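Pasted below: target18.cif, mmCIF, C-alpha atoms.
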data_query
#
loop_
_atom_site.label_atom_id
_atom_site.label_comp_id
_atom_site.auth_asym_id
_atom_site.auth_seq_id
_atom_site.Cartn_x
_atom_site.Cartn_y
_atom_site.Cartn_z
CA MET G 1 -14.36 63.43 -41.75
CA LEU G 2 -15.54 65.90 -44.38
CA LEU G 3 -18.69 66.62 -42.38
CA SER G 4 -16.59 67.16 -39.26
CA PHE G 5 -14.34 69.56 -41.16
CA ILE G 6 -17.34 71.51 -42.46
CA VAL G 7 -18.89 71.77 -38.99
CA HIS G 8 -15.55 72.81 -37.48
CA THR G 9 -15.03 75.47 -40.16
CA TYR G 10 -18.56 76.76 -39.67
CA SER G 11 -18.11 77.05 -35.90
CA LEU G 12 -14.88 79.00 -36.39
CA ARG G 13 -16.89 81.72 -38.12
CA TYR G 14 -18.40 82.48 -34.73
CA TRP G 15 -15.67 81.48 -32.30
CA PHE G 16 -12.94 83.56 -33.90
CA PRO G 17 -14.73 86.95 -33.57
CA ALA G 18 -16.27 85.96 -30.23
CA THR G 19 -12.83 85.09 -28.84
CA VAL G 20 -11.35 88.39 -30.01
CA MET G 21 -14.25 90.48 -28.66
CA LEU G 22 -14.24 88.76 -25.28
CA GLY G 23 -10.45 88.48 -25.17
CA THR G 24 -9.88 92.21 -25.58
CA ALA G 25 -12.40 93.14 -22.86
CA PRO G 26 -9.89 93.01 -19.95
CA ALA G 27 -7.42 95.26 -21.79
CA TYR G 28 -10.22 97.69 -22.53
CA LEU G 29 -11.39 97.61 -18.94
CA LEU G 30 -7.88 98.23 -17.59
CA SER G 31 -7.62 101.28 -19.85
CA TRP G 32 -10.96 102.50 -18.57
CA TRP G 33 -9.95 101.99 -14.91
CA VAL G 34 -6.82 104.06 -15.42
CA TRP G 35 -8.89 106.88 -16.89
CA ARG G 36 -11.59 106.57 -14.21
CA LEU G 37 -9.04 106.90 -11.41
CA CYS G 38 -7.36 109.87 -13.10
CA SER G 39 -10.69 111.62 -13.66
CA THR G 40 -12.07 111.40 -10.11
CA VAL G 41 -11.16 115.05 -9.47
CA LEU G 42 -12.26 116.25 -12.91
CA PRO G 43 -15.70 117.48 -14.04
CA LEU G 44 -18.18 114.76 -15.01
CA ARG G 45 -18.42 116.19 -18.53
CA LEU G 46 -14.69 115.62 -19.08
CA TYR G 47 -14.90 112.04 -17.79
CA HIS G 48 -17.76 111.24 -20.19
CA LYS G 49 -15.90 112.80 -23.10
CA LEU G 50 -12.94 110.41 -22.90
CA ASP G 51 -15.13 107.50 -21.79
CA ASP G 52 -17.12 108.01 -24.98
CA ARG G 53 -13.88 107.93 -26.98
CA LEU G 54 -12.84 104.64 -25.32
CA TYR G 55 -16.28 103.15 -25.87
CA CYS G 56 -16.14 104.18 -29.53
CA VAL G 57 -12.86 102.30 -29.93
CA TYR G 58 -14.29 99.08 -28.50
CA GLN G 59 -17.58 99.25 -30.37
CA SER G 60 -15.77 100.04 -33.64
CA MET G 61 -13.89 96.77 -33.14
CA VAL G 62 -17.22 94.99 -32.55
CA LEU G 63 -18.61 96.50 -35.77
CA PHE G 64 -15.55 95.27 -37.67
CA PHE G 65 -16.82 91.74 -37.03
CA PHE G 66 -20.55 92.33 -37.33
CA GLU G 67 -20.33 94.36 -40.52
CA ASN G 68 -16.96 94.13 -42.32
CA TYR G 69 -16.19 90.51 -41.37
CA THR G 70 -19.70 89.19 -42.08
CA GLY G 71 -20.08 91.20 -45.27
CA VAL G 72 -23.72 91.91 -44.39
CA GLU G 73 -25.36 94.50 -46.60
CA ILE G 74 -27.08 97.40 -44.84
CA VAL G 75 -30.05 98.99 -46.62
CA ILE G 76 -31.36 102.22 -45.12
CA TYR G 77 -34.74 103.77 -45.87
CA GLY G 78 -34.83 107.43 -44.86
CA ASP G 79 -32.18 110.05 -44.24
CA ILE G 80 -29.90 109.86 -41.22
CA PRO G 81 -28.91 113.36 -40.02
CA LYS G 82 -25.28 114.15 -40.75
CA LYS G 83 -24.70 116.00 -37.50
CA LYS G 84 -24.70 114.44 -34.04
CA GLU G 85 -27.83 114.89 -31.97
CA ASN G 86 -29.05 114.06 -28.48
CA VAL G 87 -31.73 111.47 -29.12
CA VAL G 88 -33.81 108.59 -27.82
CA TYR G 89 -33.70 105.67 -30.25
CA LEU G 90 -36.88 103.55 -30.33
CA SER G 91 -36.82 100.26 -32.21
CA ASN G 92 -38.66 96.98 -32.57
CA HIS G 93 -36.91 94.07 -30.85
CA GLN G 94 -36.41 90.63 -32.38
CA CYS G 95 -33.02 89.23 -31.41
CA THR G 96 -29.76 89.78 -29.56
CA ALA G 97 -28.22 91.35 -32.67
CA ASP G 98 -30.62 94.32 -32.45
CA TRP G 99 -28.28 96.37 -30.24
CA ILE G 100 -25.63 96.16 -32.98
CA ILE G 101 -28.04 97.85 -35.41
CA ALA G 102 -28.06 100.93 -33.18
CA ASP G 103 -24.25 100.94 -33.36
CA MET G 104 -24.42 100.64 -37.15
CA LEU G 105 -26.54 103.79 -37.41
CA ALA G 106 -24.61 105.70 -34.76
CA ILE G 107 -21.20 105.17 -36.40
CA ARG G 108 -22.58 106.54 -39.66
CA GLN G 109 -23.51 109.69 -37.75
CA GLY G 110 -20.22 109.93 -35.85
CA ALA G 111 -22.04 109.27 -32.58
CA LEU G 112 -20.92 105.72 -31.72
CA GLY G 113 -19.36 106.71 -28.39
CA HIS G 114 -22.62 108.35 -27.28
CA VAL G 115 -24.68 105.14 -27.48
CA ARG G 116 -26.17 104.11 -24.14
CA TYR G 117 -28.85 101.52 -23.45
CA VAL G 118 -31.93 100.93 -21.37
CA LEU G 119 -31.55 97.25 -20.51
CA LYS G 120 -33.54 94.68 -18.59
CA ASP G 121 -32.31 94.30 -15.04
CA GLY G 122 -30.99 90.74 -15.42
CA LEU G 123 -28.29 91.84 -17.87
CA LYS G 124 -26.41 93.67 -15.11
CA TRP G 125 -25.01 90.26 -14.12
CA LEU G 126 -23.06 89.89 -17.37
CA PRO G 127 -19.37 89.62 -16.39
CA LEU G 128 -17.54 92.93 -17.00
CA TYR G 129 -20.03 94.16 -19.59
CA GLY G 130 -23.05 94.42 -17.29
CA TRP G 131 -21.24 96.66 -14.86
CA TYR G 132 -19.49 98.74 -17.53
CA PHE G 133 -22.70 99.51 -19.43
CA SER G 134 -24.00 101.10 -16.24
CA GLN G 135 -20.84 103.18 -15.84
CA HIS G 136 -21.12 104.32 -19.44
CA GLY G 137 -24.55 105.80 -18.72
CA GLY G 138 -26.83 102.84 -19.38
CA VAL G 139 -29.91 102.22 -17.24
CA TYR G 140 -31.15 98.87 -15.93
CA VAL G 141 -34.89 98.59 -15.47
CA LYS G 142 -37.22 96.05 -13.92
CA ARG G 143 -40.52 95.18 -15.48
CA SER G 144 -44.08 96.06 -14.49
CA ALA G 145 -44.69 96.86 -10.82
CA LYS G 146 -40.97 96.61 -9.95
CA PHE G 147 -40.04 99.41 -12.35
CA GLU G 148 -38.01 102.02 -10.44
CA GLU G 149 -39.08 105.24 -12.12
CA GLN G 150 -37.32 107.65 -9.76
CA ALA G 151 -33.96 105.88 -10.00
CA MET G 152 -34.07 105.99 -13.81
CA LYS G 153 -35.18 109.61 -13.85
CA LYS G 154 -32.44 110.63 -11.41
CA LYS G 155 -29.69 109.01 -13.46
CA LEU G 156 -30.84 110.48 -16.76
CA LEU G 157 -31.37 113.95 -15.27
CA THR G 158 -27.85 113.90 -13.84
CA GLN G 159 -26.42 113.10 -17.25
CA ALA G 160 -28.58 115.67 -19.02
CA GLU G 161 -27.60 118.41 -16.55
CA ALA G 162 -23.94 117.52 -17.08
CA GLY G 163 -24.40 117.96 -20.84
CA THR G 164 -23.60 114.30 -21.57
CA PRO G 165 -24.12 113.51 -25.28
CA MET G 166 -27.03 111.09 -25.48
CA TYR G 167 -27.95 108.36 -27.96
CA LEU G 168 -30.22 106.35 -25.67
CA VAL G 169 -31.40 103.06 -27.15
CA ILE G 170 -34.74 101.67 -25.94
CA PHE G 171 -36.70 98.62 -27.09
CA PRO G 172 -40.23 99.47 -25.86
CA GLU G 173 -41.61 95.97 -26.40
CA GLY G 174 -39.62 94.88 -23.34
CA THR G 175 -38.84 91.45 -24.76
CA ARG G 176 -37.99 89.97 -28.14
CA TYR G 177 -40.62 89.20 -30.76
CA ASN G 178 -40.34 85.59 -31.91
CA PRO G 179 -42.99 84.33 -34.37
CA GLU G 180 -42.66 80.84 -32.88
CA LEU G 181 -43.65 82.00 -29.37
CA LYS G 182 -47.38 82.17 -29.97
CA ASN G 183 -48.21 82.51 -26.28
CA VAL G 184 -46.09 85.67 -25.94
CA ILE G 185 -47.72 87.21 -29.01
CA SER G 186 -51.18 86.23 -27.78
CA SER G 187 -50.55 87.74 -24.32
CA SER G 188 -49.32 90.95 -25.93
CA GLN G 189 -52.42 91.20 -28.09
CA GLU G 190 -54.67 90.50 -25.13
CA PHE G 191 -53.03 93.37 -23.25
CA ALA G 192 -53.58 95.68 -26.25
CA SER G 193 -57.23 94.65 -26.49
CA LYS G 194 -57.73 95.24 -22.76
CA GLU G 195 -56.24 98.74 -23.10
CA GLY G 196 -58.31 99.58 -26.18
CA LEU G 197 -55.27 99.62 -28.49
CA ALA G 198 -54.92 98.28 -32.03
CA LEU G 199 -53.66 94.71 -32.26
CA LEU G 200 -50.19 94.30 -33.75
CA LYS G 201 -49.14 91.28 -35.79
CA HIS G 202 -45.39 91.64 -36.36
CA THR G 203 -44.39 93.46 -33.17
CA LEU G 204 -45.39 93.17 -29.53
CA THR G 205 -47.45 95.86 -27.81
CA PRO G 206 -44.99 98.54 -26.65
CA ARG G 207 -44.77 99.37 -22.93
CA MET G 208 -44.48 103.08 -22.32
CA LYS G 209 -42.82 103.51 -18.91
CA ALA G 210 -39.11 103.54 -19.75
CA SER G 211 -39.61 105.50 -22.98
CA HIS G 212 -41.79 108.10 -21.29
CA VAL G 213 -39.48 108.54 -18.29
CA ALA G 214 -36.45 108.95 -20.57
CA ILE G 215 -38.06 111.48 -22.90
CA GLU G 216 -39.77 113.43 -20.13
CA ALA G 217 -36.64 113.57 -17.95
CA MET G 218 -34.39 114.75 -20.79
CA LYS G 219 -36.90 116.84 -22.74
CA ASP G 220 -34.75 119.97 -22.58
CA HIS G 221 -31.61 118.02 -23.55
CA LEU G 222 -32.97 116.00 -26.48
CA ASP G 223 -33.16 117.10 -30.10
CA ALA G 224 -35.30 114.29 -31.46
CA VAL G 225 -36.60 110.75 -31.22
CA TYR G 226 -35.29 108.28 -33.80
CA ASP G 227 -38.02 105.82 -34.81
CA VAL G 228 -36.24 102.78 -36.24
CA THR G 229 -37.77 99.63 -37.74
CA VAL G 230 -35.49 96.68 -38.47
CA ALA G 231 -36.04 93.58 -40.61
CA TYR G 232 -33.51 90.82 -41.28
CA GLU G 233 -33.53 89.34 -44.76
CA GLY G 234 -33.64 85.57 -44.88
CA THR G 235 -36.36 85.30 -42.23
CA LEU G 236 -39.09 84.20 -44.60
CA ASP G 237 -39.49 80.52 -45.48
CA SER G 238 -40.61 79.06 -48.81
CA ALA G 239 -44.19 78.88 -47.60
CA GLY G 240 -44.22 82.59 -46.78
CA HIS G 241 -44.06 82.19 -43.01
CA ARG G 242 -41.94 84.49 -40.88
CA LEU G 243 -38.95 82.87 -39.17
CA PRO G 244 -37.10 83.98 -36.02
CA ALA G 245 -34.48 86.70 -36.52
CA PRO G 246 -30.84 85.55 -36.42
CA THR G 247 -29.07 85.18 -33.11
CA MET G 248 -25.69 86.86 -32.62
CA PRO G 249 -23.81 83.59 -33.38
CA GLU G 250 -25.90 83.08 -36.53
CA PHE G 251 -25.26 86.68 -37.57
CA LEU G 252 -21.50 86.22 -37.13
CA CYS G 253 -21.74 82.97 -39.09
CA LYS G 254 -22.89 85.10 -42.03
CA GLU G 255 -26.44 83.72 -42.11
CA CYS G 256 -27.99 87.17 -42.59
CA PRO G 257 -27.23 88.53 -46.07
CA ARG G 258 -28.95 91.88 -45.64
CA VAL G 259 -30.44 94.10 -42.93
CA HIS G 260 -33.20 96.54 -43.81
CA ILE G 261 -33.47 99.62 -41.58
CA HIS G 262 -36.35 102.09 -41.84
CA PHE G 263 -35.38 105.39 -40.21
CA GLU G 264 -37.60 108.33 -39.26
CA ARG G 265 -36.59 111.37 -37.24
CA VAL G 266 -39.33 112.78 -35.00
CA ALA G 267 -38.71 116.29 -33.67
CA MET G 268 -39.22 116.71 -29.93
CA LYS G 269 -42.04 119.22 -30.45
CA GLU G 270 -44.04 116.41 -32.09
CA VAL G 271 -43.76 114.08 -29.08
CA PRO G 272 -46.57 114.51 -26.49
CA LEU G 273 -45.33 114.36 -22.90
CA GLU G 274 -48.63 113.91 -21.08
CA PRO G 275 -48.71 110.16 -20.18
CA LEU G 276 -52.08 109.31 -21.75
CA PHE G 277 -51.25 111.02 -25.04
CA PHE G 278 -47.71 109.62 -25.00
CA ARG G 279 -49.04 106.07 -24.71
CA ARG G 280 -51.28 106.64 -27.73
CA TRP G 281 -48.42 108.26 -29.67
CA LEU G 282 -46.02 105.39 -28.91
CA HIS G 283 -48.57 102.79 -29.96
CA GLU G 284 -49.24 104.67 -33.18
CA ARG G 285 -45.50 104.57 -33.93
CA PHE G 286 -45.63 100.79 -33.51
CA GLU G 287 -48.69 100.57 -35.74
CA ILE G 288 -46.52 102.17 -38.43
CA LYS G 289 -43.78 99.61 -37.72
CA ASP G 290 -46.33 96.82 -37.95
CA ARG G 291 -47.50 98.02 -41.37
CA LEU G 292 -43.90 98.24 -42.59
CA LEU G 293 -43.15 94.71 -41.38
CA THR G 294 -46.44 93.38 -42.81
CA SER G 295 -45.39 94.75 -46.19
CA PHE G 296 -41.91 93.23 -45.75
CA TYR G 297 -43.24 89.75 -44.97
CA GLU G 298 -46.66 89.58 -46.61
CA SER G 299 -46.78 91.92 -49.63
CA ASP G 300 -48.92 90.54 -52.48
CA ASP G 301 -46.26 91.78 -54.87
CA ALA G 302 -43.33 89.36 -54.74
CA GLN G 303 -41.01 92.17 -55.86
CA GLN G 304 -41.95 94.20 -52.78
CA ARG G 305 -41.45 91.35 -50.32
CA SER G 306 -38.28 91.30 -48.20
CA ARG G 307 -37.93 95.06 -48.48
CA PHE G 308 -39.62 98.10 -47.00
CA PRO G 309 -41.80 100.45 -49.10
CA GLY G 310 -39.94 103.37 -50.62
CA GLU G 311 -36.38 103.77 -51.78
CA GLY G 312 -33.69 101.89 -49.92
CA ARG G 313 -30.05 103.01 -50.03
CA ARG G 314 -27.19 100.57 -49.59
CA SER G 315 -24.75 101.86 -47.01
CA ALA G 316 -21.29 100.27 -46.75
CA LEU G 317 -19.09 100.89 -43.70
CA SER G 318 -15.48 101.67 -44.54
CA ILE G 319 -13.05 99.24 -42.96
CA ALA G 320 -10.89 102.27 -42.16
CA LYS G 321 -13.43 103.12 -39.43
CA THR G 322 -13.21 99.74 -37.70
CA LEU G 323 -9.93 97.91 -38.37
CA PRO G 324 -7.69 100.43 -36.52
CA SER G 325 -9.70 99.85 -33.33
CA MET G 326 -9.21 96.10 -33.55
CA MET G 327 -5.48 96.61 -34.06
CA VAL G 328 -5.26 98.98 -31.07
CA LEU G 329 -7.12 96.63 -28.72
CA GLY G 330 -5.22 93.65 -30.04
CA GLY G 331 -1.98 95.54 -29.45
CA LEU G 332 -2.99 96.11 -25.82
CA THR G 333 -4.11 92.51 -25.30
CA VAL G 334 -1.27 90.49 -26.85
CA PRO G 335 1.47 91.80 -24.50
CA LEU G 336 -0.69 90.79 -21.53
CA LEU G 337 -0.76 87.21 -22.77
CA LEU G 338 2.96 86.88 -23.58
CA THR G 339 4.25 86.93 -20.01
CA GLU G 340 3.23 85.07 -16.89
CA SER G 341 2.67 88.29 -14.96
CA GLY G 342 0.63 89.67 -17.82
CA ARG G 343 -1.55 86.56 -17.96
CA SER G 344 -2.04 86.76 -14.21
CA LEU G 345 -3.13 90.40 -14.52
CA TYR G 346 -5.44 89.43 -17.38
CA VAL G 347 -7.18 86.76 -15.31
CA ARG G 348 -7.40 88.97 -12.22
CA THR G 349 -9.02 91.69 -14.31
CA TRP G 350 -11.73 89.26 -15.38
CA VAL G 351 -12.31 87.97 -11.85
CA TYR G 352 -12.05 91.17 -9.82
CA GLY G 353 -13.66 93.27 -12.53
CA THR G 354 -16.68 90.99 -12.46
CA LEU G 355 -16.92 90.97 -8.64
CA LEU G 356 -16.47 94.72 -8.37
CA GLY G 357 -19.03 95.18 -11.10
CA TRP G 358 -21.65 93.17 -9.27
CA LEU G 359 -20.98 95.10 -6.08
CA TRP G 360 -21.08 98.46 -7.85
CA VAL G 361 -24.36 97.72 -9.62
CA ASN G 362 -26.11 96.14 -6.63
CA VAL G 363 -24.75 98.05 -3.65
CA SER G 364 -24.25 101.60 -4.95
CA PRO G 365 -27.28 103.91 -4.53
#
What's the structure tokens form of this structure?
Amino acid sequence: MLLSFIVHTYSLRYWFPATVMLGTAPAYLLSWWVWRLCSTVLPLRLYHKLDDRLYCVYQSMVLFFFENYTGVEIVIYGDIPKKKENVVYLSNHQCTADWIIADMLAIRQGALGHVRYVLKDGLKWLPLYGWYFSQHGGVYVKRSAKFEEQAMKKKLLTQAEAGTPMYLVIFPEGTRYNPELKNVISSSQEFASKEGLALLKHTLTPRMKASHVAIEAMKDHLDAVYDVTVAYEGTLDSAGHRLPAPTMPEFLCKECPRVHIHFERVAMKEVPLEPLFFRRWLHERFEIKDRLLTSFYESDDAQQRSRFPGEGRRSALSIAKTLPSMMVLGGLTVPLLLTESGRSLYVRTWVYGTLLGWLWVNVSP
């Protein structure tokens, strides 16, 4: 019985925040639909402005759980600009919690509503979320030969020409690095060797297409590229072997005590746009990431392990930035669930929102 109680209590650590985040989605989507219908005759810039505000509210609620609720400690190496900028955010990719890290940095810069993602094509089928991410300015891409360069370029150019604030998150590796998937790592290294590139140990070989299209298409709109390297503390076993990064459920279950984030701002004038030079530049950025992660996991000095070189600064997120959003969304959701008509509307929003989303993503040009 005691074991059952412990397991039940542990599972609640995940199910409580997951239920709230998923449960408030229909109320959020209804609010967005109202604004979308009202804004059809308004300039695109004005639509994006309020859409960004709505997105900021929802993501602030998400950060309440991933940061305030979990109590995770954020350690940042490098200086995040205080003012908002139009940027492409390039990061290593290890787990499903990685997209939250971009939110963590963006909210500290006052740019949370401007976060948009380049996502693998299969994620467009996520109920409600998959369709909404596209409406918020995100881009779905297919891998390798199926990559639709012109479609991505057209969407990003449209947003840049409309003056849409941009915090575009890209994971150039294309898939998650997992130290237990030796075949994936081996294939990545074989590709690097074939292309005459340095072999990487703690990241996969970055693919350049999406990053290059994004930066080249928005070159006159962007201020900088943010080069971000992330490491999750607690992913080193007693024998010194690297372990997989925490999943989102594990993160919400408070299994990650600390996240280390190495941040470097690269001015646009330092980014080569010619494809051949860009590929070399991008790989060199990942060589730097690989050295940082090698130090984090393999430093001969035990005091330097599980941290990046240089001075790290602990950065706590005030609950005043996140709790109000949860209260607002909760206040919109609870009335829907108190009446039969409200519950019916809630369910229909989930069903029709999902169906309309699939149609919008797959049928619209």
Inset, instruction - For Arg108 in chain G, please output as a list in words all residues within 12 Å (counting all atoms listed in the file; exclusion window: fewer than 3 positions along the same chain). - result: Ser60, Leu63, Ile74, Ile76, Asp79, Ile80, Pro81, Lys82, Lys83, Lys84, Ile101, Ala102, Asp103, Met104, Leu105, Ala111, Leu112, Gly113, Ser315, Ala316, Leu317, Ser318, Lys321 and Thr322 of chain G
Legend entry - d(CA of Val225 in chain G, CA of Ser186 in chain G) in Å: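 One can read the CA of Val225 in chain G to CA of Ser186 in chain G distance as 28.7 Å.
Against this structure, the PyMOL selection byres ((chain G and resi 65) around 9) ends up with Pro17, Ala18, Met21, Met61, Val62, Leu63, Phe64, Phe66, Glu67, Asn68, Tyr69, Thr70, Gly71, Leu252 and Thr322 of chain G.
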Legend entry - Option closest in space to Cys56 in chain G, from G:Ser134, G:Lys209, G:Val115, G:Gln109 [counting only C-alpha atoms]: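 Closest to Cys56 in chain G of all the choices is G:Val115.
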Legend entry - Distance criterion (only C-alpha atoms): nearest to Phe296 in chain G out of G:Asp227, G:Glu233, G:Glu180, G:Glu85: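 Among the listed residues, the smallest separation from Phe296 in chain G belongs to G:Glu233.
Minimum atom-to-atom distance to Phe308 in chain G, evaluated using all atoms listed in the file, belongs to G:Gly78 out of G:Gly78, G:Gly137, G:Pro127, G:Pro26.
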Inset, instruction - Would you mind telling me which residue in G:Val259, G:Ala320, G:Val72, G:Ala231 lies nearest to His93 in chain G when using all atoms listed in the file? - result: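 Of the candidates, the smallest distance to His93 in chain G is held by G:Ala231.
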Inset, instruction - To one decimal in Å, tell me the separation between CA of Gly130 in chain G and CA of Asp51 in chain G. - result: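 Computing it gives 15.9 Å between the two atoms.
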Legend entry - Two-atom distance - CA of Cys256 in chain G, CA of Val87 in chain G (Å):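 It comes out at 28.0 Å.
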